[in-house]
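Chemist: Here you go, structure.cif (mmCIF, C-alpha atoms):
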data_start
loop_
_atom_site.label_atom_id
_atom_site.label_comp_id
_atom_site.auth_asym_id
_atom_site.auth_seq_id
_atom_site.Cartn_x
_atom_site.Cartn_y
_atom_site.Cartn_z
CA MET A 1 99.92 99.38 148.87
CA ALA A 2 102.12 98.79 145.85
CA GLU A 3 104.29 101.30 144.04
CA VAL A 4 104.23 100.61 140.33
CA HIS A 5 106.55 102.20 137.82
CA LEU A 6 105.52 102.92 134.26
CA ASP A 7 108.32 103.91 131.92
CA CYS A 8 107.01 106.08 129.09
CA LEU A 9 110.27 107.71 128.11
CA GLY A 10 110.57 108.31 124.39
CA GLU A 11 106.92 107.51 123.73
CA ALA A 12 105.02 109.69 121.28
CA CYS A 13 101.76 111.38 122.17
CA PRO A 14 99.24 109.89 123.05
CA VAL A 15 100.97 106.69 124.17
CA PRO A 16 101.86 107.85 127.73
CA LEU A 17 98.23 108.67 128.46
CA ILE A 18 96.91 105.41 127.04
CA LYS A 19 99.50 103.35 128.90
CA THR A 20 98.68 105.22 132.11
CA GLN A 21 94.96 104.58 131.72
CA ASN A 22 95.50 100.87 131.09
CA LYS A 23 97.99 100.44 133.93
CA LEU A 24 95.81 102.27 136.41
CA ASN A 25 92.93 99.95 135.56
CA GLN A 26 95.09 96.98 136.50
CA LEU A 27 96.14 98.38 139.88
CA ASN A 28 94.49 97.79 143.23
CA VAL A 29 92.95 100.54 145.31
CA GLY A 30 95.65 102.11 147.41
CA ASP A 31 98.43 101.57 144.87
CA ILE A 32 100.51 104.45 143.64
CA LEU A 33 101.47 104.64 139.97
CA ILE A 34 104.64 106.47 139.04
CA VAL A 35 104.71 107.43 135.38
CA GLU A 36 108.05 108.50 133.94
CA ILE A 37 107.78 110.78 130.89
CA ASP A 38 109.80 113.13 128.75
CA HIS A 39 106.98 114.40 126.49
CA SER A 40 105.83 117.93 127.21
CA CYS A 41 102.24 117.21 126.15
CA ALA A 42 102.04 114.26 128.53
CA MET A 43 103.04 116.33 131.55
CA LYS A 44 99.80 118.19 130.94
CA ASN A 45 97.31 115.66 129.58
CA VAL A 46 98.11 112.76 131.92
CA PRO A 47 97.57 114.77 135.15
CA GLU A 48 94.51 116.41 133.60
CA TRP A 49 92.95 113.01 132.93
CA ALA A 50 93.89 111.61 136.34
CA ARG A 51 92.44 114.63 138.16
CA LYS A 52 89.26 114.36 136.11
CA GLU A 53 88.95 110.77 137.27
CA GLY A 54 89.30 112.03 140.83
CA TYR A 55 92.74 110.62 141.69
CA PRO A 56 95.32 112.62 143.65
CA VAL A 57 98.10 113.64 141.28
CA GLU A 58 101.53 115.15 141.77
CA ILE A 59 104.12 116.11 139.20
CA GLU A 60 107.83 116.23 139.87
CA GLU A 61 110.42 117.55 137.46
CA ILE A 62 113.51 115.35 137.76
CA GLU A 63 115.72 117.12 135.26
CA GLU A 64 115.37 119.08 132.04
CA GLY A 65 112.36 117.77 130.15
CA HIS A 66 112.04 114.70 132.39
CA TRP A 67 109.12 114.24 134.80
CA TYR A 68 107.58 111.81 137.25
CA ILE A 69 103.81 111.84 137.61
CA TYR A 70 102.50 110.28 140.81
CA ILE A 71 98.93 109.02 140.72
CA GLU A 72 97.26 107.35 143.68
CA LYS A 73 94.45 104.95 142.92
CA ASN A 74 92.37 105.91 145.90
CA LYS A 75 89.12 104.41 144.72
CA MET B 27 112.11 137.01 151.57
CA SER B 28 110.47 140.37 150.94
CA LYS B 29 106.98 140.38 149.48
CA TYR B 30 108.29 141.97 146.27
CA LYS B 31 110.95 139.28 145.82
CA GLU B 32 108.30 136.63 146.42
CA GLU B 33 105.93 138.07 143.83
CA SER B 34 108.66 138.69 141.27
CA GLU B 35 109.86 135.10 141.63
CA LYS B 36 106.29 133.92 141.04
CA LEU B 37 105.97 136.11 137.96
CA LYS B 38 109.30 134.92 136.59
CA LYS B 39 108.19 131.35 137.04
CA ALA B 40 104.85 132.00 135.37
CA LEU B 41 106.50 133.75 132.43
CA LEU B 42 109.41 131.42 131.86
CA LYS B 43 108.66 128.03 133.31
CA ASP B 44 105.09 127.02 134.06
CA ALA B 45 102.88 125.75 131.30
CA PHE B 46 100.20 128.21 130.19
CA PRO B 47 96.61 127.06 130.53
CA TYR B 48 95.07 126.04 127.20
CA TRP B 49 92.61 128.95 127.21
CA LEU B 50 95.44 131.46 127.59
CA GLY B 51 97.28 129.89 124.66
CA ALA B 52 94.03 130.07 122.72
CA ILE B 53 93.66 133.80 123.36
CA PHE B 54 97.24 134.49 122.29
CA LEU B 55 96.87 132.35 119.16
CA GLY B 56 93.61 134.03 118.20
CA LEU B 57 95.18 137.48 118.60
CA LEU B 58 98.32 136.48 116.68
CA ASN B 59 96.14 135.13 113.90
CA ILE B 60 94.41 138.50 113.64
CA VAL B 61 97.79 140.26 113.44
CA ILE B 62 98.84 137.89 110.66
CA PHE B 63 95.57 138.58 108.84
CA ILE B 64 96.12 142.32 109.03
CA LEU B 65 99.69 142.06 107.78
CA THR B 66 99.33 139.43 105.06
CA GLY B 67 95.70 139.61 103.95
CA HIS B 68 95.12 136.00 104.91
CA GLY B 69 95.11 133.91 108.06
CA TRP B 70 97.80 131.78 109.65
CA GLY B 71 98.99 129.08 107.26
CA VAL B 72 101.73 126.57 107.82
CA THR B 73 101.46 124.07 105.00
CA THR B 74 101.91 126.21 101.88
CA PRO B 75 105.57 127.00 102.60
CA PHE B 76 106.15 123.24 102.92
CA VAL B 77 105.21 122.93 99.24
CA HIS B 78 107.83 125.54 98.32
CA TRP B 79 110.45 123.76 100.42
CA GLY B 80 109.62 120.50 98.65
CA ALA B 81 109.59 122.18 95.26
CA TRP B 82 113.02 123.73 95.88
CA VAL B 83 114.38 120.30 96.80
CA ALA B 84 112.70 118.76 93.76
CA LYS B 85 114.40 121.40 91.63
CA ILE B 86 117.78 120.22 92.89
CA PHE B 87 116.88 116.78 91.59
CA GLY B 88 116.02 118.15 88.17
CA ALA B 89 112.25 118.63 88.44
CA HIS B 90 110.46 121.66 87.04
CA PRO B 91 107.94 122.70 89.70
CA GLU B 92 107.20 125.96 87.91
CA THR B 93 105.26 123.86 85.39
CA TRP B 94 103.01 122.25 88.04
CA ALA B 95 99.38 123.37 88.15
CA PHE B 96 99.91 124.50 91.76
CA TYR B 97 102.48 127.03 90.59
CA GLN B 98 100.28 128.53 87.88
CA ASN B 99 98.80 130.53 90.74
CA GLU B 100 100.52 133.92 90.80
CA ALA B 101 101.20 134.15 94.52
CA ASN B 102 102.66 130.65 94.66
CA ALA B 103 104.82 131.23 91.58
CA LYS B 104 106.18 134.41 93.06
CA ALA B 105 107.12 132.66 96.29
CA LEU B 106 108.78 129.82 94.40
CA ALA B 107 110.88 132.20 92.35
CA GLY B 108 111.89 134.38 95.28
CA GLY B 109 113.62 131.73 97.34
CA PHE B 110 113.50 130.87 101.04
CA LEU B 111 114.77 134.16 102.44
CA ASN B 112 112.19 136.14 100.50
CA ASP B 113 109.18 134.07 101.52
CA GLY B 114 107.38 135.41 104.60
CA GLY B 115 105.61 132.10 105.17
CA SER B 116 108.85 130.14 105.18
CA ILE B 117 110.46 132.61 107.58
CA GLN B 118 107.41 132.43 109.83
CA ASN B 119 107.56 128.62 109.89
CA LEU B 120 111.24 128.77 110.77
CA GLY B 121 110.26 131.19 113.53
CA ILE B 122 107.83 128.66 114.98
CA ILE B 123 110.63 126.12 115.30
CA PHE B 124 112.91 128.56 117.09
CA GLY B 125 110.13 130.03 119.19
CA ALA B 126 109.40 126.58 120.59
CA LEU B 127 113.12 125.98 121.17
CA LEU B 128 113.37 129.31 122.97
CA ALA B 129 110.45 128.37 125.19
CA VAL B 130 111.96 125.07 126.31
CA LEU B 131 115.40 126.56 126.91
CA LEU B 132 114.05 129.43 129.00
CA ALA B 133 112.11 126.89 131.04
CA SER B 134 115.18 124.66 131.30
CA GLN B 135 113.18 121.80 129.82
CA PHE B 136 115.22 121.10 126.71
CA ARG B 137 115.89 117.42 126.08
CA ILE B 138 116.59 115.51 122.89
CA LYS B 139 113.91 112.89 122.35
CA LYS B 140 115.41 110.09 120.31
CA ILE B 141 113.59 107.43 118.35
CA LYS B 142 112.43 104.59 120.52
CA SER B 143 111.36 102.03 117.94
CA GLY B 144 111.11 101.26 114.24
CA LYS B 145 107.35 101.67 114.59
CA GLN B 146 107.87 105.36 115.37
CA VAL B 147 109.92 105.83 112.20
CA VAL B 148 107.23 104.18 110.06
CA ALA B 149 104.55 106.27 111.74
CA ALA B 150 106.53 109.47 111.19
CA ILE B 151 107.10 108.69 107.50
CA LEU B 152 103.53 107.62 106.76
CA GLY B 153 102.02 110.37 108.88
CA GLY B 154 104.19 113.05 107.33
CA LEU B 155 103.36 111.99 103.77
CA MET B 156 99.64 111.83 104.51
CA MET B 157 99.62 115.23 106.14
CA GLY B 158 101.47 116.82 103.25
CA TYR B 159 99.18 115.32 100.66
CA GLY B 160 95.97 115.80 102.61
CA ALA B 161 96.76 119.43 103.31
CA ARG B 162 97.07 120.17 99.61
CA LEU B 163 93.74 118.57 98.79
CA SER B 164 91.89 120.55 101.40
CA TYR B 165 93.71 123.77 100.50
CA GLY B 166 95.85 123.85 103.63
CA MET C 30 89.14 117.36 161.17
CA GLU C 31 91.19 115.44 158.60
CA GLN C 32 94.94 115.47 158.85
CA PRO C 33 96.52 116.97 155.72
CA GLN C 34 97.81 114.01 153.69
CA ALA C 35 101.55 113.74 153.24
CA SER C 36 102.48 114.44 149.65
CA LEU C 37 102.41 111.43 147.32
CA LYS C 38 106.03 112.00 146.49
CA SER C 39 107.12 111.64 150.07
CA ARG C 40 105.22 108.38 150.53
CA VAL C 41 106.96 106.69 147.64
CA HIS C 42 110.06 104.69 148.45
CA THR C 43 110.92 102.95 145.22
CA VAL C 44 111.78 105.93 143.07
CA THR C 45 115.49 105.90 142.41
CA ALA C 46 115.97 109.08 140.42
CA LYS C 47 115.55 112.11 142.60
CA PRO C 48 115.61 115.65 141.27
CA SER C 49 119.28 116.24 140.67
CA VAL C 50 120.56 118.87 143.03
CA LYS C 51 122.57 120.50 140.32
CA LYS C 52 119.73 120.65 137.76
CA LYS C 53 121.24 122.25 134.73
CA ASN C 54 119.91 125.74 134.28
CA GLN C 55 119.40 126.26 130.56
CA LEU C 56 118.31 129.87 130.96
CA GLY C 57 121.71 131.00 129.73
CA TYR C 58 121.29 129.09 126.47
CA GLY C 59 117.81 130.53 126.18
CA ILE C 60 119.07 134.05 126.48
CA ALA C 61 121.83 133.36 123.98
CA LEU C 62 119.23 132.00 121.57
CA LEU C 63 117.07 135.07 122.15
CA ALA C 64 120.01 137.27 121.18
CA ALA C 65 120.54 135.20 118.03
CA ILE C 66 116.84 135.46 117.22
CA ILE C 67 116.96 139.23 117.52
CA LEU C 68 120.11 139.39 115.40
CA PHE C 69 118.47 137.30 112.69
CA GLY C 70 115.50 139.65 112.83
CA VAL C 71 117.77 142.60 112.23
CA PHE C 72 119.39 140.74 109.34
CA LEU C 73 115.98 140.06 107.83
CA SER C 74 114.84 143.64 108.22
CA ASN C 75 117.74 144.64 106.00
CA ILE C 76 116.37 142.45 103.24
CA LYS C 77 112.74 143.47 103.66
CA ALA C 78 111.12 144.81 106.83
CA PRO C 79 108.02 142.56 106.55
CA LEU C 80 110.29 139.50 106.78
CA ALA C 81 111.51 140.51 110.22
CA ILE C 82 107.91 140.87 111.35
CA ARG C 83 106.96 137.41 110.04
CA TRP C 84 110.03 136.05 111.87
CA MET C 85 108.94 137.58 115.18
CA LEU C 86 105.37 136.39 114.62
CA GLY C 87 106.69 132.88 114.06
CA ILE C 88 108.77 133.11 117.23
CA ALA C 89 105.71 134.25 119.16
CA LEU C 90 103.58 131.45 117.70
CA GLY C 91 106.17 128.79 118.50
CA PHE C 92 106.61 130.17 122.01
CA VAL C 93 102.89 130.24 122.77
CA LEU C 94 102.28 126.81 121.23
CA GLN C 95 105.02 125.18 123.29
CA ARG C 96 104.26 126.94 126.57
CA SER C 97 100.57 126.12 126.46
CA ARG C 98 101.28 122.59 125.12
CA PHE C 99 98.74 123.47 122.45
CA CYS C 100 97.94 120.63 120.10
CA PHE C 101 95.40 120.87 117.29
CA THR C 102 95.78 117.15 116.71
CA ALA C 103 94.89 116.33 120.29
CA ALA C 104 91.99 118.80 120.08
CA THR C 105 90.27 116.69 117.46
CA ARG C 106 91.58 113.30 118.59
CA ASP C 107 91.04 113.34 122.35
CA PRO C 108 87.25 113.69 122.31
CA PHE C 109 87.25 110.19 120.84
CA LEU C 110 90.34 108.74 122.46
CA THR C 111 89.97 109.93 126.05
CA GLY C 112 86.72 111.87 126.10
CA SER C 113 88.55 115.09 126.89
CA THR C 114 87.61 118.27 125.05
CA SER C 115 89.78 120.79 126.89
CA LEU C 116 91.97 121.36 123.83
CA LEU C 117 89.02 121.33 121.45
CA ARG C 118 87.36 124.02 123.53
CA ALA C 119 90.58 126.03 123.49
CA VAL C 120 90.70 125.77 119.70
CA LEU C 121 87.09 126.99 119.53
CA ILE C 122 88.01 129.98 121.68
CA ALA C 123 90.92 130.79 119.35
CA ILE C 124 88.62 130.55 116.32
CA MET C 125 85.99 132.76 117.96
CA ILE C 126 88.57 135.45 118.70
CA ALA C 127 89.97 135.24 115.17
CA THR C 128 86.43 135.39 113.74
CA VAL C 129 85.83 138.73 115.42
CA GLY C 130 89.10 140.21 114.21
CA PHE C 131 88.84 138.80 110.69
CA ALA C 132 85.25 140.00 110.32
CA ALA C 133 86.16 143.50 111.40
CA ILE C 134 89.00 143.66 108.89
CA GLN C 135 86.98 142.14 106.08
CA TYR C 136 83.94 144.28 106.68
CA ASN C 137 86.13 147.35 106.83
CA ALA C 138 87.49 146.57 103.39
CA PHE C 139 84.08 145.66 102.05
CA SER C 140 82.39 148.85 103.19
CA ALA C 141 85.22 150.93 101.74
CA GLY C 142 84.66 149.27 98.38
CA LYS C 143 88.04 147.51 98.48
CA PRO C 144 88.68 143.83 97.77
CA VAL C 145 87.99 141.70 100.82
CA PRO C 146 91.15 139.99 102.15
CA GLY C 147 91.21 136.32 103.03
CA ASN C 148 91.55 132.95 101.34
CA ILE C 149 88.24 131.57 100.18
CA SER C 150 88.94 128.14 98.75
CA PRO C 151 86.66 125.79 96.86
CA VAL C 152 84.92 123.37 99.17
CA GLY C 153 83.79 119.92 98.12
CA ILE C 154 84.59 116.24 98.30
CA HIS C 155 88.28 117.02 98.03
CA THR C 156 88.05 118.92 101.31
CA ILE C 157 86.64 115.87 103.05
CA ILE C 158 89.13 113.47 101.49
CA GLY C 159 92.04 115.79 102.21
CA GLY C 160 90.85 116.34 105.74
CA ILE C 161 90.54 112.63 106.48
CA ILE C 162 93.97 111.87 105.05
CA PHE C 163 95.46 114.77 106.98
CA GLY C 164 93.74 113.80 110.23
CA ILE C 165 94.93 110.21 110.13
CA GLY C 166 98.44 111.37 109.23
CA ALA C 167 98.52 113.86 112.08
CA VAL C 168 97.45 111.34 114.71
CA ILE C 169 99.98 108.69 113.69
CA ALA C 170 102.79 111.20 113.29
CA GLY C 171 102.09 112.69 116.69
CA GLY C 172 101.41 116.24 115.57
CA CYS C 173 99.90 118.30 112.80
CA ALA C 174 101.53 121.11 110.83
CA SER C 175 102.20 123.59 113.63
CA GLY C 176 102.69 120.78 116.12
CA THR C 177 105.36 119.22 113.94
CA LEU C 178 107.27 122.49 113.71
CA MET C 179 106.93 123.03 117.45
CA ARG C 180 108.28 119.58 118.22
CA VAL C 181 111.16 119.98 115.79
CA GLY C 182 112.13 122.97 117.90
CA GLU C 183 111.78 120.83 121.04
CA ALA C 184 114.17 118.25 119.56
CA TYR C 185 111.83 115.34 118.94
CA ILE C 186 113.71 113.34 116.34
CA MET C 187 110.51 111.54 115.34
CA ASN C 188 108.83 114.80 114.35
CA MET C 189 111.90 115.87 112.39
CA ILE C 190 111.42 112.76 110.28
CA ALA C 191 107.73 113.58 110.00
CA LEU C 192 108.60 117.09 108.80
CA VAL C 193 110.86 115.78 106.03
CA PHE C 194 108.07 113.55 104.75
CA PHE C 195 105.45 116.27 105.30
CA ILE C 196 107.47 118.38 102.86
CA ALA C 197 107.73 115.47 100.44
CA GLY C 198 103.99 114.79 100.67
CA SER C 199 103.24 118.48 100.15
CA ALA C 200 105.33 118.56 96.99
CA LEU C 201 103.67 115.38 95.76
CA GLY C 202 100.27 116.87 96.47
CA ALA C 203 101.19 120.01 94.57
CA TYR C 204 102.49 117.89 91.70
CA HIS C 205 99.17 116.02 91.52
CA PHE C 206 97.15 119.14 92.15
CA GLY C 207 96.47 119.59 88.46
CA TRP C 208 94.76 116.22 88.25
CA TRP C 209 92.63 116.90 91.34
CA LYS C 210 91.70 120.32 90.08
CA ALA C 211 90.61 119.05 86.70
CA ASN C 212 88.75 115.98 87.90
CA VAL C 213 87.41 116.64 91.37
CA ILE C 214 87.60 120.27 92.37
CA LYS C 215 86.57 121.98 89.15
CA ASN C 216 82.95 122.58 89.99
CA ALA C 217 83.34 123.04 93.71
CA PRO C 218 81.98 126.36 94.96
CA SER C 219 83.99 128.86 96.94
CA ILE C 220 81.57 129.98 99.57
CA PHE C 221 82.07 133.22 101.44
CA LEU C 222 79.36 133.27 104.05
CA PRO C 223 78.74 137.02 104.13
CA ASN C 224 77.96 136.82 100.41
CA VAL C 225 75.45 134.07 100.98
CA LEU C 226 73.88 135.12 104.28
CA GLY C 227 74.71 138.78 104.52
CA TRP C 228 77.24 140.12 106.99
CA PRO C 229 75.20 140.23 110.19
CA LEU C 230 73.82 136.71 109.89
CA ALA C 231 77.16 135.27 108.78
CA PHE C 232 79.05 136.93 111.61
CA PHE C 233 76.68 136.37 114.50
CA GLY C 234 75.62 133.03 113.12
CA GLN C 235 79.21 131.81 113.12
CA LEU C 236 79.80 133.05 116.65
CA VAL C 237 76.61 131.45 117.91
CA LEU C 238 77.51 128.18 116.17
CA LEU C 239 81.01 128.20 117.64
CA PHE C 240 79.63 128.94 121.07
CA ALA C 241 77.10 126.13 120.73
CA LEU C 242 79.92 123.78 119.74
CA TYR C 243 81.83 124.96 122.79
CA TRP C 244 78.90 124.09 125.03
CA LEU C 245 78.52 120.72 123.33
CA ALA C 246 82.19 120.02 123.89
CA LEU C 247 81.88 120.96 127.55
CA TRP C 248 78.98 118.56 127.97
CA TRP C 249 80.86 115.82 126.12
CA ASP C 250 83.82 116.13 128.48
CA TYR C 251 81.97 116.10 131.76
CA ARG C 252 78.82 114.14 131.11
CA LYS C 253 80.12 110.94 132.75
CA ALA C 254 81.88 112.45 135.80
CA GLU C 255 80.10 111.85 139.10
#
What is this structure when it is put down as structure tokens?
Modeler:
Amino acid sequence: MAEVHLDCLGEACPVPLIKTQNKLNQLNVGDILIVEIDHSCAMKNVPEWARKEGYPVEIEEIEEGHWYIYIEKNK
Amino acid sequence: MSKYKEESEKLKKALLKDAFPYWLGAIFLGLLNIVIFILTGHGWGVTTPFVHWGAWVAKIFGAHPETWAFYQNEANAKALAGGFLNDGGSIQNLGIIFGALLAVLLASQFRIKKIKSGKQVVAAILGGLMMGYGARLSYG
Amino acid sequence: MEQPQASLKSRVHTVTAKPSVKKKNQLGYGIALLAAIILFGVFLSNIKAPLAIRWMLGIALGFVLQRSRFCFTAATRDPFLTGSTSLLRAVLIAIMIATVGFAAIQYNAFSAGKPVPGNISPVGIHTIIGGIIFGIGAVIAGGCASGTLMRVGEAYIMNMIALVFFIAGSALGAYHFGWWKANVIKNAPSIFLPNVLGWPLAFFGQLVLLFALYWLALWWDYRKAE
């Protein structure tokens, strides 16, 4: 069960979502993807997409305007 | 923690920090649009003041925007002549900037997002120009 | 009975940055800004009361846009990029609400014999061309008109650059407007639906159409989910 980091700091919408989708496709079942973002749109649209796909998602605010999104590829 | 304190903390968080659901934003925006319509006789517009801002800058460089076809329209000409502080649309646009800033500060989510690559600069320049021009063609 | 799963966060070991214990609370700055906003409003009301109202409306718009992460660009882009229509559906809701309010105001003026408020612009090929140029510009710049302003307030340097060039492009468009008007727009009709269809059909027809689009968007979003 790998933990993979995806740095999306400073990326403009919709790059964080696209990068997340691509990275998640490359992962194995059981891996956890940790996406690091600072874009306020992404802290909404990335979890929304992941939940729609059926993956468990958690968001953690690290500091002002800086978030980690945890997505588990459980299937 | 008393029940009241618990609920008031939740409300504070909902008001100041948590993101609103899209549908709630939609309701507020629809209502605000109606208020704008009542007060100004037209709906919410963002791009027309940008023309005035550009025209005022062009004036500094010696251009004569008052001769442009766009400014033969009475309402536009009036706005151009009145200056920034007299133009409701310009003030409203400025308000949008500060309203967004207020929102992030109250939520303690303010962070300066610097440029990450040259590609972003090119995209911003091209995108900005296209939006400005395209908006004019389709009447905002 | 399944054991409740431990939170994802707690199962991750490789994350180095943890939420800083002394997370800076920016609420103080926010309140200071609020005071400044109110002061500016008072200043404006001394010039002309309507200005102060437009200022507060702008503040409200910016606040709502940012807090709901509203994005008109994403509303039209995501159905194609990610298959999501949640923002598009939100935009449709906003338009439906505005339709009701606008219609009431316009009909009120109409039935009192007064001029009907609202901008009715000529529609034609220029609308399509302008829309396409605008749409492409908005997607590559990462935000449309209101989105750009919102992100300037959020301190995205990229959108500040976009704003500068948005203004430049607007001025250029206005400068060329004469050519477009004379060569492309001149015969384009300005269509006000109640004039063409009558008020009841225009009003209810628009609402029904918007609602149908809403349903279509809902289907589009969820049609592939198991």
Chemist: Mind telling me what the PyMOL selection byres ((chain A and resi 58) around 6) catches here, as a PyMOL selection string?
Modeler: chain A and resi 57+59+69-70
Chemist: Report as a PyMOL selection string the set of chain B residues whose atoms approach chain C to within 6 Å, with distances computed over only C-alpha atoms.
Modeler: chain B and resi 45-49+51-53+56+60+67-68+76-77+80-81+94-96+114+117-118+121-129+131-132+134+138-141+149-151+153-160+162-164
Chemist: Do a neighbour search on stretch 26-28 of chain A at 12 Å with all atoms listed in the file, toss out local chain neighbours closer than 5 positions, and write the hits as number ranges by chain.
Modeler: A: 1-6, 19-21, 33-34, 71-75
Chemist: Can you work out which residues from chain B touch chain A at a cut-off of 6 Å (counting only C-alpha atoms) and hand them back as a list of chain:residue names?
Modeler: B:Ser134, B:Gln135, B:Phe136, B:Arg137, B:Lys142
Chemist: With distances taken over all atoms listed in the file, which of C:Ala64, C:Leu247, C:Leu236, C:Ala103 is nearest to chain A?
Modeler: C:Ala103
Chemist: Take atom CA of B:Lys29 and atom CA of B:Leu42 and report the distance between them in Å, one decimal.
Modeler: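 Interatomic distance here is 19.9 Å.
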Chemist: Enumerate, as an MDAnalysis selection string, the residues matched when the PyMOL selection byres ((chain B and resi 82) around 12) is run on the file above.
Modeler: (chainID B and resid 75:81 83:92 103 105:110) or (chainID C and resid 196:197 199:200)
Chemist: So, with only C-alpha atoms as the atoms that count, which of A:Tyr55, A:Ala50, A:Tyr68, A:Ala42 lies closest to A:Val29?
Modeler: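 Among A:Tyr55, A:Ala50, A:Tyr68, A:Ala42, it is A:Tyr55 that comes nearest to A:Val29.
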Chemist: Check the smallest atom-to-atom distance from each of A:Pro56, A:Gly30, A:Pro16, A:Pro47 to chain C using all atoms listed in the file, then report the winner.
Modeler: A:Pro56
Chemist: Between atom CA of B:Tyr165 and atom CA of C:Ser219, measure the distance and give it in Å to one decimal.
Modeler: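 So the two atoms, atom CA of B:Tyr165 and atom CA of C:Ser219, lie 11.5 Å apart.
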Chemist: For atom CA of A:Leu24 and atom CA of C:Thr114, quote the distance in Å rounded to one decimal.
Modeler: 21.3 Å
Chemist: Specify the axis-aligned box that encloses all atoms of stretch 92-98 of chain B listed in the file after padding of 5 Å on each side, stating its centre and edge lengths in Å to one decimal as AutoDock Vina command-line options.
Modeler:
--center_x 103.3 --center_y 125.4 --center_z 88.6 --size_x 17.8 --size_y 16.3 --size_z 16.4
Chemist: Would you pull stretch 31-63 of chain A out of the block just shown and save C-alpha atoms as a PDB file, in the first residue's frame?
Modeler:
ATOM      1  CA  ASP A  31      -2.613   3.097  -2.559  1.00  0.00           C
ATOM      2  CA  ILE A  32      -3.299   6.450  -0.977  1.00  0.00           C
ATOM      3  CA  LEU A  33      -2.784   9.619  -3.000  1.00  0.00           C
ATOM      4  CA  ILE A  34      -1.959  12.810  -1.152  1.00  0.00           C
ATOM      5  CA  VAL A  35      -2.600  15.886  -3.251  1.00  0.00           C
ATOM      6  CA  GLU A  36      -1.110  19.148  -2.040  1.00  0.00           C
ATOM      7  CA  ILE A  37      -2.951  22.258  -3.255  1.00  0.00           C
ATOM      8  CA  ASP A  38      -3.296  25.961  -2.611  1.00  0.00           C
ATOM      9  CA  HIS A  39      -6.140  26.702  -5.057  1.00  0.00           C
ATOM     10  CA  SER A  40      -9.507  27.310  -3.448  1.00  0.00           C
ATOM     11  CA  CYS A  41     -11.431  25.840  -6.395  1.00  0.00           C
ATOM     12  CA  ALA A  42      -9.408  22.638  -6.221  1.00  0.00           C
ATOM     13  CA  MET A  43     -10.248  22.035  -2.571  1.00  0.00           C
ATOM     14  CA  LYS A  44     -13.819  21.679  -3.780  1.00  0.00           C
ATOM     15  CA  ASN A  45     -13.658  20.120  -7.242  1.00  0.00           C
ATOM     16  CA  VAL A  46     -10.997  17.481  -6.558  1.00  0.00           C
ATOM     17  CA  PRO A  47     -12.838  15.907  -3.582  1.00  0.00           C
ATOM     18  CA  GLU A  48     -16.130  16.199  -5.467  1.00  0.00           C
ATOM     19  CA  TRP A  49     -14.704  14.221  -8.381  1.00  0.00           C
ATOM     20  CA  ALA A  50     -13.045  11.625  -6.146  1.00  0.00           C
ATOM     21  CA  ARG A  51     -16.241  11.051  -4.155  1.00  0.00           C
ATOM     22  CA  LYS A  52     -18.212  10.715  -7.376  1.00  0.00           C
ATOM     23  CA  GLU A  53     -15.798   7.998  -8.428  1.00  0.00           C
ATOM     24  CA  GLY A  54     -16.490   6.286  -5.120  1.00  0.00           C
ATOM     25  CA  TYR A  55     -13.112   6.780  -3.416  1.00  0.00           C
ATOM     26  CA  PRO A  56     -12.815   7.707   0.268  1.00  0.00           C
ATOM     27  CA  VAL A  57     -11.665  11.316   0.510  1.00  0.00           C
ATOM     28  CA  GLU A  58     -10.425  13.482   3.345  1.00  0.00           C
ATOM     29  CA  ILE A  59      -9.353  17.103   3.316  1.00  0.00           C
ATOM     30  CA  GLU A  60      -6.918  18.614   5.767  1.00  0.00           C
ATOM     31  CA  GLU A  61      -6.108  22.294   6.020  1.00  0.00           C
ATOM     32  CA  ILE A  62      -2.398  22.625   6.769  1.00  0.00           C
ATOM     33  CA  GLU A  63      -2.178  26.378   6.980  1.00  0.00           C
TER      34      GLU A  63
END
